[in-house]
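Printed here is work.cif (mmCIF, C-alpha atoms):
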```
data_input
#
loop_
_atom_site.label_atom_id
_atom_site.label_comp_id
_atom_site.auth_asym_id
_atom_site.auth_seq_id
_atom_site.Cartn_x
_atom_site.Cartn_y
_atom_site.Cartn_z
CA MET E 1 181.21 -13.86 67.91
CA THR E 2 183.57 -16.75 68.38
CA ILE E 3 186.90 -16.09 69.91
CA PRO E 4 189.71 -17.99 68.25
CA THR E 5 191.87 -19.85 70.70
CA ARG E 6 194.90 -19.54 68.47
CA ILE E 7 195.48 -16.50 66.39
CA PRO E 8 197.70 -16.92 63.35
CA PRO E 9 200.81 -14.75 63.59
CA MET E 10 200.01 -13.04 60.32
CA LEU E 11 196.66 -12.02 61.69
CA CYS E 12 198.29 -10.67 64.80
CA ALA E 13 200.52 -8.53 62.65
CA LEU E 14 197.40 -6.46 62.49
CA LEU E 15 197.43 -6.20 66.23
CA LEU E 16 194.99 -3.36 66.43
CA ALA E 17 192.55 -5.41 64.45
CA CYS E 18 192.99 -8.26 66.92
CA ALA E 19 192.35 -5.93 69.81
CA ALA E 20 189.33 -4.41 68.13
CA ALA E 21 187.89 -7.85 67.57
CA GLY E 22 188.16 -8.50 71.27
CA ALA E 23 190.52 -11.40 70.74
CA ARG E 24 191.73 -12.67 74.07
CA ALA E 25 193.62 -15.84 73.74
CA ALA E 26 197.01 -15.60 72.15
CA SER E 27 200.42 -16.85 73.07
CA PRO E 28 203.36 -14.59 73.94
CA ALA E 29 205.18 -15.99 70.92
CA GLU E 30 202.30 -14.97 68.68
CA LEU E 31 202.28 -11.48 70.13
CA ALA E 32 206.03 -11.28 69.62
CA ALA E 33 205.63 -12.36 66.01
CA GLY E 34 202.94 -9.74 65.56
CA TYR E 35 205.15 -6.93 66.81
CA ALA E 36 208.07 -8.16 64.74
CA GLY E 37 205.84 -8.23 61.69
CA GLN E 38 204.73 -4.67 62.31
CA ALA E 39 208.31 -3.55 62.86
CA GLY E 40 209.60 -5.18 59.70
CA THR E 41 212.92 -5.93 61.36
CA ALA E 42 214.18 -8.92 63.29
CA PRO E 43 213.81 -8.48 67.06
CA ALA E 44 216.94 -8.51 69.22
CA ALA E 45 216.71 -9.77 72.79
CA ALA E 46 219.87 -7.93 73.84
CA ARG E 47 218.43 -4.66 72.62
CA GLY E 48 215.25 -5.45 74.52
CA GLU E 49 217.15 -6.02 77.73
CA GLN E 50 219.00 -2.74 77.29
CA PHE E 51 215.75 -0.91 76.62
CA PHE E 52 214.08 -2.48 79.63
CA THR E 53 216.78 -1.85 82.18
CA THR E 54 217.87 1.68 81.29
CA ARG E 55 216.14 4.98 81.75
CA HIS E 56 215.06 7.08 78.82
CA GLY E 57 215.40 10.61 80.09
CA HIS E 58 212.73 10.15 82.73
CA GLU E 59 212.69 9.03 86.31
CA TRP E 60 211.80 5.39 85.81
CA SER E 61 212.95 2.49 83.70
CA CYS E 62 210.70 -0.51 83.01
CA ALA E 63 212.75 -2.30 85.66
CA SER E 64 211.88 0.33 88.28
CA CYS E 65 208.56 -1.42 88.78
CA HIS E 66 209.05 -4.83 87.15
CA GLY E 67 212.47 -5.61 88.67
CA THR E 68 215.66 -6.88 87.10
CA PRO E 69 215.22 -9.43 85.76
CA PRO E 70 211.42 -9.32 85.80
CA THR E 71 211.07 -12.94 86.86
CA ASN E 72 209.86 -12.23 90.38
CA THR E 73 207.11 -10.11 91.83
CA GLY E 74 207.84 -6.46 91.18
CA LYS E 75 206.81 -3.39 93.12
CA HIS E 76 205.22 -0.20 91.85
CA ALA E 77 207.82 2.54 92.21
CA ALA E 78 205.34 5.08 93.55
CA THR E 79 202.70 3.15 95.43
CA GLY E 80 204.61 0.06 96.53
CA LYS E 81 201.86 -2.24 95.30
CA SER E 82 203.16 -5.62 94.22
CA ILE E 83 203.18 -6.41 90.53
CA ALA E 84 203.07 -10.02 89.37
CA ALA E 85 206.09 -11.31 87.46
CA LEU E 86 206.30 -10.07 83.88
CA ALA E 87 208.33 -12.78 82.15
CA PRO E 88 205.88 -15.25 80.58
CA ALA E 89 207.78 -18.30 81.86
CA PHE E 90 207.12 -17.09 85.39
CA ASN E 91 203.56 -15.89 84.88
CA ALA E 92 201.40 -17.73 82.37
CA GLU E 93 198.94 -14.86 82.05
CA ARG E 94 201.44 -12.41 80.62
CA PHE E 95 201.16 -11.44 76.96
CA THR E 96 198.17 -13.66 76.28
CA ASP E 97 195.72 -10.79 75.70
CA PRO E 98 196.78 -8.49 72.85
CA ALA E 99 194.51 -5.65 73.99
CA LYS E 100 195.84 -5.79 77.52
CA ALA E 101 199.44 -5.85 76.33
CA GLU E 102 198.76 -2.83 74.13
CA LYS E 103 197.10 -0.95 76.96
CA TRP E 104 200.05 -1.42 79.28
CA PHE E 105 202.65 -0.66 76.62
CA ARG E 106 200.78 2.57 75.93
CA ARG E 107 200.61 3.63 79.57
CA ASN E 108 204.02 2.48 80.67
CA CYS E 109 205.97 3.63 77.63
CA ASN E 110 204.45 7.03 78.16
CA ASP E 111 205.74 6.99 81.73
CA VAL E 112 209.18 5.59 80.97
CA VAL E 113 209.97 6.99 77.52
CA GLY E 114 207.55 9.90 77.30
CA ARG E 115 205.92 8.53 74.15
CA GLU E 116 204.42 5.35 72.79
CA CYS E 117 206.88 2.56 72.07
CA SER E 118 207.49 1.51 68.51
CA ALA E 119 206.59 -1.97 67.35
CA ALA E 120 210.32 -2.70 67.10
CA GLU E 121 210.87 -1.72 70.71
CA LYS E 122 207.99 -3.88 71.86
CA ALA E 123 209.29 -6.78 69.77
CA ASP E 124 212.77 -6.41 71.28
CA VAL E 125 211.50 -6.31 74.86
CA LEU E 126 209.21 -9.26 74.35
CA ALA E 127 212.00 -11.21 72.65
CA TRP E 128 214.15 -10.65 75.74
CA LEU E 129 211.37 -11.56 78.15
CA LEU E 130 210.89 -14.82 76.27
CA THR E 131 214.55 -15.74 76.82
CA LEU E 132 214.03 -15.67 80.61
CA LYS E 133 213.47 -19.25 81.69
CA LYS E 134 213.11 -21.04 84.99
CA MET V 1 207.40 13.98 85.24
CA ARG V 2 207.33 11.97 88.44
CA ILE V 3 205.35 14.10 90.83
CA ALA V 4 203.99 11.17 92.77
CA LEU V 5 207.39 9.75 93.60
CA LYS V 6 208.89 13.07 94.57
CA THR V 7 206.08 13.96 96.88
CA LEU V 8 206.08 10.67 98.69
CA PRO V 9 208.19 11.84 101.63
CA LEU V 10 205.94 14.85 101.90
CA LEU V 11 202.91 12.60 101.69
CA ALA V 12 204.28 10.44 104.43
CA LEU V 13 204.82 13.48 106.61
CA LEU V 14 201.34 14.70 105.97
CA ALA V 15 199.64 11.40 106.37
CA LEU V 16 200.32 10.80 110.03
CA ALA V 17 198.79 7.42 110.30
CA ALA V 18 197.06 5.60 113.06
CA PRO V 19 195.03 2.45 112.81
CA VAL V 20 191.49 3.11 111.83
CA ALA V 21 188.50 2.84 114.12
CA GLY V 22 185.91 0.13 113.97
CA ALA V 23 182.52 0.08 112.39
CA ASP V 24 181.15 3.14 114.13
CA ASP V 25 182.22 5.65 111.56
CA GLY V 26 179.82 5.02 108.75
CA ARG V 27 182.41 3.46 106.48
CA ARG V 28 181.05 0.84 104.16
CA VAL V 29 182.22 -0.67 100.98
CA GLY V 30 179.79 -2.02 98.42
CA PRO V 31 180.83 -4.42 95.70
CA LEU V 32 183.29 -2.88 93.29
CA LEU V 33 182.56 -2.63 89.61
CA PRO V 34 184.85 -5.31 88.09
CA LYS V 35 186.15 -2.81 85.51
CA TYR V 36 186.99 -0.38 88.28
CA ALA V 37 188.78 -3.04 90.30
CA GLN V 38 190.71 -4.13 87.24
CA GLU V 39 191.68 -0.73 85.85
CA CYS V 40 192.26 1.12 89.09
CA GLY V 41 193.55 -1.74 91.18
CA SER V 42 196.61 -2.60 89.11
CA CYS V 43 198.98 0.07 90.40
CA HIS V 44 197.39 0.73 93.75
CA LEU V 45 194.59 -0.59 95.87
CA ALA V 46 191.22 -0.11 94.21
CA TYR V 47 190.35 2.50 96.80
CA PRO V 48 186.86 2.29 98.26
CA PRO V 49 184.66 4.75 96.38
CA GLY V 50 183.50 6.15 99.71
CA ALA V 51 186.96 7.48 100.53
CA LEU V 52 186.62 10.52 98.26
CA PRO V 53 183.78 12.89 97.45
CA ASN V 54 182.17 12.62 94.05
CA ALA V 55 183.82 15.83 92.82
CA SER V 56 187.24 14.30 93.44
CA TRP V 57 186.34 11.14 91.56
CA HIS V 58 185.20 13.16 88.59
CA ARG V 59 188.41 15.17 88.45
CA LEU V 60 190.53 12.03 88.77
CA LEU V 61 188.58 10.23 86.07
CA ARG V 62 188.83 13.19 83.70
CA ASN V 63 192.59 13.33 84.13
CA LEU V 64 193.65 9.69 83.99
CA PRO V 65 196.27 10.28 81.27
CA ARG V 66 198.02 12.52 83.81
CA HIS V 67 197.35 10.64 87.02
CA PHE V 68 199.79 11.81 89.70
CA GLY V 69 202.58 11.82 87.19
CA THR V 70 201.70 8.58 85.43
CA ASP V 71 199.62 7.62 82.44
CA ALA V 72 196.61 5.71 83.77
CA SER V 73 194.48 6.24 80.70
CA VAL V 74 191.64 3.89 79.87
CA ASP V 75 189.61 3.56 76.69
CA ALA V 76 186.54 5.73 76.23
CA VAL V 77 184.05 2.94 76.86
CA THR V 78 185.73 1.97 80.13
CA LEU V 79 185.92 5.58 81.25
CA LYS V 80 182.23 6.05 80.63
CA GLU V 81 181.38 2.85 82.45
CA ILE V 82 183.43 3.69 85.54
CA THR V 83 182.16 7.26 85.66
CA ALA V 84 178.56 6.07 85.42
CA TRP V 85 179.19 3.61 88.21
CA VAL V 86 180.68 6.28 90.46
CA ASP V 87 177.65 8.47 89.84
CA ALA V 88 175.15 5.69 90.32
CA ASN V 89 176.69 4.58 93.59
CA PRO V 90 177.14 7.64 95.74
CA GLN V 91 178.48 5.98 98.85
CA THR V 92 180.79 8.64 100.18
CA TRP V 93 181.65 7.89 103.79
CA LYS V 94 180.09 10.15 106.34
CA ARG V 95 183.46 11.38 107.56
CA VAL V 96 184.52 12.49 104.11
CA GLY V 97 183.97 16.19 103.70
CA GLU V 98 185.63 18.57 101.27
CA ALA V 99 187.72 17.32 98.38
CA PRO V 100 191.25 16.83 99.77
CA PRO V 101 194.24 18.65 98.28
CA GLU V 102 195.11 17.15 94.87
CA ASP V 103 192.22 14.74 95.42
CA ARG V 104 194.58 12.50 97.36
CA VAL V 105 192.92 10.18 99.87
CA THR V 106 196.06 10.40 101.98
CA ARG V 107 195.71 14.15 102.35
CA SER V 108 192.16 14.00 103.60
CA ALA V 109 191.67 15.37 107.09
CA TRP V 110 189.99 12.17 108.19
CA PHE V 111 192.85 10.04 106.85
CA GLN V 112 195.48 12.07 108.61
CA ARG V 113 193.51 12.05 111.85
CA LYS V 114 193.11 8.28 111.67
CA HIS V 115 196.81 7.80 111.08
CA ARG V 116 198.17 10.41 113.46
CA GLU V 117 199.87 7.86 115.71
CA ILE V 118 201.99 6.48 112.92
CA ALA V 119 205.46 8.00 112.75
CA PRO V 120 206.15 9.62 109.38
CA ALA V 121 209.24 7.45 108.98
CA ALA V 122 207.12 4.32 109.20
CA PHE V 123 205.49 5.13 105.86
CA LYS V 124 208.91 5.18 104.23
CA ARG V 125 209.85 1.66 105.27
CA ALA V 126 210.72 -0.58 102.36
CA ALA V 127 207.75 -2.82 102.98
CA ILE V 128 205.34 0.11 103.03
CA GLN V 129 206.84 2.76 100.76
CA SER V 130 203.81 5.03 100.67
CA ALA V 131 200.81 5.99 102.73
CA ALA V 132 198.85 5.11 99.61
CA ASN V 133 199.89 1.47 100.00
CA CYS V 134 196.93 0.57 102.23
CA ALA V 135 197.41 -3.16 101.94
CA ALA V 136 200.90 -2.99 103.46
CA CYS V 137 199.32 -2.58 106.90
CA HIS V 138 195.66 -3.41 106.27
CA PRO V 139 195.86 -7.01 105.01
CA ARG V 140 192.18 -7.13 104.08
CA ALA V 141 192.11 -3.72 102.44
CA ASP V 142 191.29 -5.26 99.08
CA ARG V 143 188.04 -6.49 100.62
CA GLY V 144 187.26 -3.07 102.02
CA ASP V 145 188.22 -4.10 105.54
CA PHE V 146 190.33 -1.45 107.27
CA ASP V 147 189.48 -2.57 110.77
CA GLU V 148 192.05 -1.59 113.38
CA ASP V 149 192.19 -5.09 114.83
CA SER V 150 193.62 -6.52 111.63
CA VAL V 151 196.32 -3.89 111.22
CA ARG V 152 199.87 -5.24 111.02
CA ILE V 153 202.55 -2.64 110.49
CA PRO V 154 205.63 -4.15 108.84
CA ARG V 155 208.97 -3.42 110.50
#
```

Go ahead and render the structure in this file as structure tokens.
Amino acid sequence: MTIPTRIPPMLCALLLACAAAGARAASPAELAAGYAGQAGTAPAAARGEQFFTTRHGHEWSCASCHGTPPTNTGKHAATGKSIAALAPAFNAERFTDPAKAEKWFRRNCNDVVGRECSAAEKADVLAWLLTLKK
Amino acid sequence: MRIALKTLPLLALLALAAPVAGADDGRRVGPLLPKYAQECGSCHLAYPPGALPNASWHRLLRNLPRHFGTDASVDAVTLKEITAWVDANPQTWKRVGEAPPEDRVTRSAWFQRKHREIAPAAFKRAAIQSAANCAACHPRADRGDFDEDSVRIPR
């Protein structure tokens, strides 16, 4: 199986399909476009920032571990282990593997929101992360 | 639910730490399964398999979606792979006896004995945060090296 180095945004709209195919290389912008496509609405960075930095009825926000803004090394709120920067401009590995992004959204949204995040929420957060520049 | 966070002060009290002894205690760390290191080493140190008895590992692996108050779930294939690896590599340290309360390494009798000289407050320091944060004081913990001589306790 060949792994495409660039995945067309339309293909990534079917993100689960991408993950199932074991696709690894993608760009954060392509992932963002994929989530936006799934959501069917335009992403809003401001909404993403709000979502990221506030709590959702549970003990942690996204920022509890990733920091505010998530441009530096974060720290796990329970264990203290350091977490590499989340914003793609500060960590080139972030959001380049659709399956990995999905895995962490699933786990962390469950912790922070108590459910999986919607595609719109993911699109908003990623849109905000992409506005963070050096 | 944030059990882990709430019990940290308690954990710190229980886990009275002291630097660990040398190589005379039967501790050894074989190579880690890459999947294990990747999946289990993101939020905390990929703890040496020898630090818990097999029964504890099995309970932890069965309950990853509810892992000390967080969702640490992995896909079915990964779960199977890690479980098989744990079973195929029984390397439980000699000092490890019964499964510790809640299957927490930090509540093991041997862990508490080894760390008894560490003041409970030390575990709460910002640079340490938790007795589970091995690497805060054991700089080579990720390589399975917990030797006392390399211990540096952050102020």

- Message: When you count all atoms listed in the file, which of these residues is closest to V:Asn133: V:Pro154, V:Tyr36, V:Ala109, V:Asp71?
- Response: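 Of the candidates, the smallest distance to V:Asn133 is held by V:Pro154.
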
- Residue nearest E:Lys81 - candidates V:Arg59, V:Leu79, V:Val151, V:Ala127, atoms counted: all atoms listed in the file: V:Ala127

Selection: 7 Å around E:Ala119, all atoms listed in the file, excl. self and same-chain fewer than 4 positions, as an mmCIF file with C-alpha atoms, in the frame of the given file:
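Saved as part-v1.cif:
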```
data_model
loop_
_atom_site.group_PDB
_atom_site.id
_atom_site.type_symbol
_atom_site.label_atom_id
_atom_site.label_comp_id
_atom_site.auth_asym_id
_atom_site.auth_seq_id
_atom_site.Cartn_x
_atom_site.Cartn_y
_atom_site.Cartn_z
ATOM 1 C CA TYR E 35 205.150 -6.930 66.810
ATOM 2 C CA ALA E 36 208.070 -8.160 64.740
ATOM 3 C CA GLN E 38 204.730 -4.670 62.310
ATOM 4 C CA ALA E 39 208.310 -3.550 62.860
ATOM 5 C CA ALA E 123 209.290 -6.780 69.770
#
```

- Message: Ranking V:Ala126, V:Ala72, V:Ala121, V:Ala88 by minimum distance to E:Asp111 and counting all atoms listed in the file, which one comes first?
- Response: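 The answer is V:Ala72, which sits nearest to E:Asp111.
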
- Message: Could you tell me, as a list of chain:residue names, exactly which residues end up selected when the PyMOL selection byres ((chain E) within 10 of (chain V)) is applied to this structure?
- Response: E:His58, E:Glu59, E:Trp60, E:Cys65, E:Lys75, E:His76, E:Ala77, E:Ala78, E:Thr79, E:Gly80, E:Lys81, E:Ser82, E:Ile83, E:Ala84, E:Lys103, E:Trp104, E:Arg106, E:Arg107, E:Asn108, E:Cys109, E:Asn110, E:Asp111, E:Val112, E:Gly114

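Distances to E:Ala127 were evaluated for E:Ala99, E:Gly74, E:Ala87, E:Ser64 using all atoms listed in the file, and the minimum falls at E:Ala87.
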
- What is the atom CA of E:Val113 to atom CA of E:Ser61 distance in Å?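 Calculated distance between atom CA of E:Val113 and atom CA of E:Ser61 is 8.2 Å.
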
- Message: One decimal, in Å: what's the spacing between atom CA of V:Ala76 and atom CA of E:Cys117?
- Response: 21.0 Å

Given the PyMOL selection byres ((chain V and resi 143) around 12), the residues it picks as a JSON list (two decimals) with C-alpha atoms, keeping the file's coordinate frame:
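Contents of selection-v9.json, as written:
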```
[["chain", "number", "residue", "atom", "x", "y", "z"],
["V", 28, "ARG", "CA", 181.05, 0.84, 104.16],
["V", 29, "VAL", "CA", 182.22, -0.67, 100.98],
["V", 30, "GLY", "CA", 179.79, -2.02, 98.42],
["V", 31, "PRO", "CA", 180.83, -4.42, 95.70],
["V", 32, "LEU", "CA", 183.29, -2.88, 93.29],
["V", 37, "ALA", "CA", 188.78, -3.04, 90.30],
["V", 41, "GLY", "CA", 193.55, -1.74, 91.18],
["V", 45, "LEU", "CA", 194.59, -0.59, 95.87],
["V", 46, "ALA", "CA", 191.22, -0.11, 94.21],
["V", 47, "TYR", "CA", 190.35, 2.50, 96.80],
["V", 48, "PRO", "CA", 186.86, 2.29, 98.26],
["V", 134, "CYS", "CA", 196.93, 0.57, 102.23],
["V", 135, "ALA", "CA", 197.41, -3.16, 101.94],
["V", 138, "HIS", "CA", 195.66, -3.41, 106.27],
["V", 139, "PRO", "CA", 195.86, -7.01, 105.01],
["V", 140, "ARG", "CA", 192.18, -7.13, 104.08],
["V", 141, "ALA", "CA", 192.11, -3.72, 102.44],
["V", 142, "ASP", "CA", 191.29, -5.26, 99.08],
["V", 144, "GLY", "CA", 187.26, -3.07, 102.02],
["V", 145, "ASP", "CA", 188.22, -4.10, 105.54],
["V", 146, "PHE", "CA", 190.33, -1.45, 107.27],
["V", 147, "ASP", "CA", 189.48, -2.57, 110.77]]
```

Write out as a CSV table (one decimal) with C-alpha atoms, in the frame of the given file the residues lying within 12 Å of V:Ser108, counting all atoms listed in the file and excluding same-chain residues fewer than 2 positions away.
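Resulting contents of selection_36.csv:
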```
chain,number,residue,atom,x,y,z
V,11,LEU,CA,202.9,12.6,101.7
V,14,LEU,CA,201.3,14.7,106.0
V,15,ALA,CA,199.6,11.4,106.4
V,16,LEU,CA,200.3,10.8,110.0
V,17,ALA,CA,198.8,7.4,110.3
V,51,ALA,CA,187.0,7.5,100.5
V,52,LEU,CA,186.6,10.5,98.3
V,53,PRO,CA,183.8,12.9,97.4
V,56,SER,CA,187.2,14.3,93.4
V,95,ARG,CA,183.5,11.4,107.6
V,96,VAL,CA,184.5,12.5,104.1
V,97,GLY,CA,184.0,16.2,103.7
V,98,GLU,CA,185.6,18.6,101.3
V,99,ALA,CA,187.7,17.3,98.4
V,100,PRO,CA,191.2,16.8,99.8
V,101,PRO,CA,194.2,18.6,98.3
V,102,GLU,CA,195.1,17.2,94.9
V,103,ASP,CA,192.2,14.7,95.4
V,104,ARG,CA,194.6,12.5,97.4
V,105,VAL,CA,192.9,10.2,99.9
V,106,THR,CA,196.1,10.4,102.0
V,110,TRP,CA,190.0,12.2,108.2
V,111,PHE,CA,192.8,10.0,106.8
V,112,GLN,CA,195.5,12.1,108.6
V,113,ARG,CA,193.5,12.0,111.8
V,114,LYS,CA,193.1,8.3,111.7
V,115,HIS,CA,196.8,7.8,111.1
V,131,ALA,CA,200.8,6.0,102.7
V,132,ALA,CA,198.8,5.1,99.6
```

- Message: Please report the interatomic distance between atom CA of V:Cys40 and atom CA of V:Trp57 in Å with one decimal.
- Response: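 For atom CA of V:Cys40 relative to atom CA of V:Trp57, the distance reads 11.9 Å.
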
- Message: Taking 4 positions as the minimum chain separation for residues in the same chain, which residues sit within 12 Å of E:Ala44 when counting all atoms listed in the file? Answer as a ChimeraX atom specification.
- Response: /E:32,36,39,48-51,120-131

With C-alpha atoms kept, could you save the residues just selected as a short mmCIF file (atom, residue, chain, number, x, y, z; two decimals), keeping the file's coordinate frame?
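Output saved as out-v3.cif:
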```
data_model
loop_
_atom_site.label_atom_id
_atom_site.label_comp_id
_atom_site.auth_asym_id
_atom_site.auth_seq_id
_atom_site.Cartn_x
_atom_site.Cartn_y
_atom_site.Cartn_z
CA ALA E 32 206.03 -11.28 69.62
CA ALA E 36 208.07 -8.16 64.74
CA ALA E 39 208.31 -3.55 62.86
CA GLY E 48 215.25 -5.45 74.52
CA GLU E 49 217.15 -6.02 77.73
CA GLN E 50 219.00 -2.74 77.29
CA PHE E 51 215.75 -0.91 76.62
CA ALA E 120 210.32 -2.70 67.10
CA GLU E 121 210.87 -1.72 70.71
CA LYS E 122 207.99 -3.88 71.86
CA ALA E 123 209.29 -6.78 69.77
CA ASP E 124 212.77 -6.41 71.28
CA VAL E 125 211.50 -6.31 74.86
CA LEU E 126 209.21 -9.26 74.35
CA ALA E 127 212.00 -11.21 72.65
CA TRP E 128 214.15 -10.65 75.74
CA LEU E 129 211.37 -11.56 78.15
CA LEU E 130 210.89 -14.82 76.27
CA THR E 131 214.55 -15.74 76.82
#
```
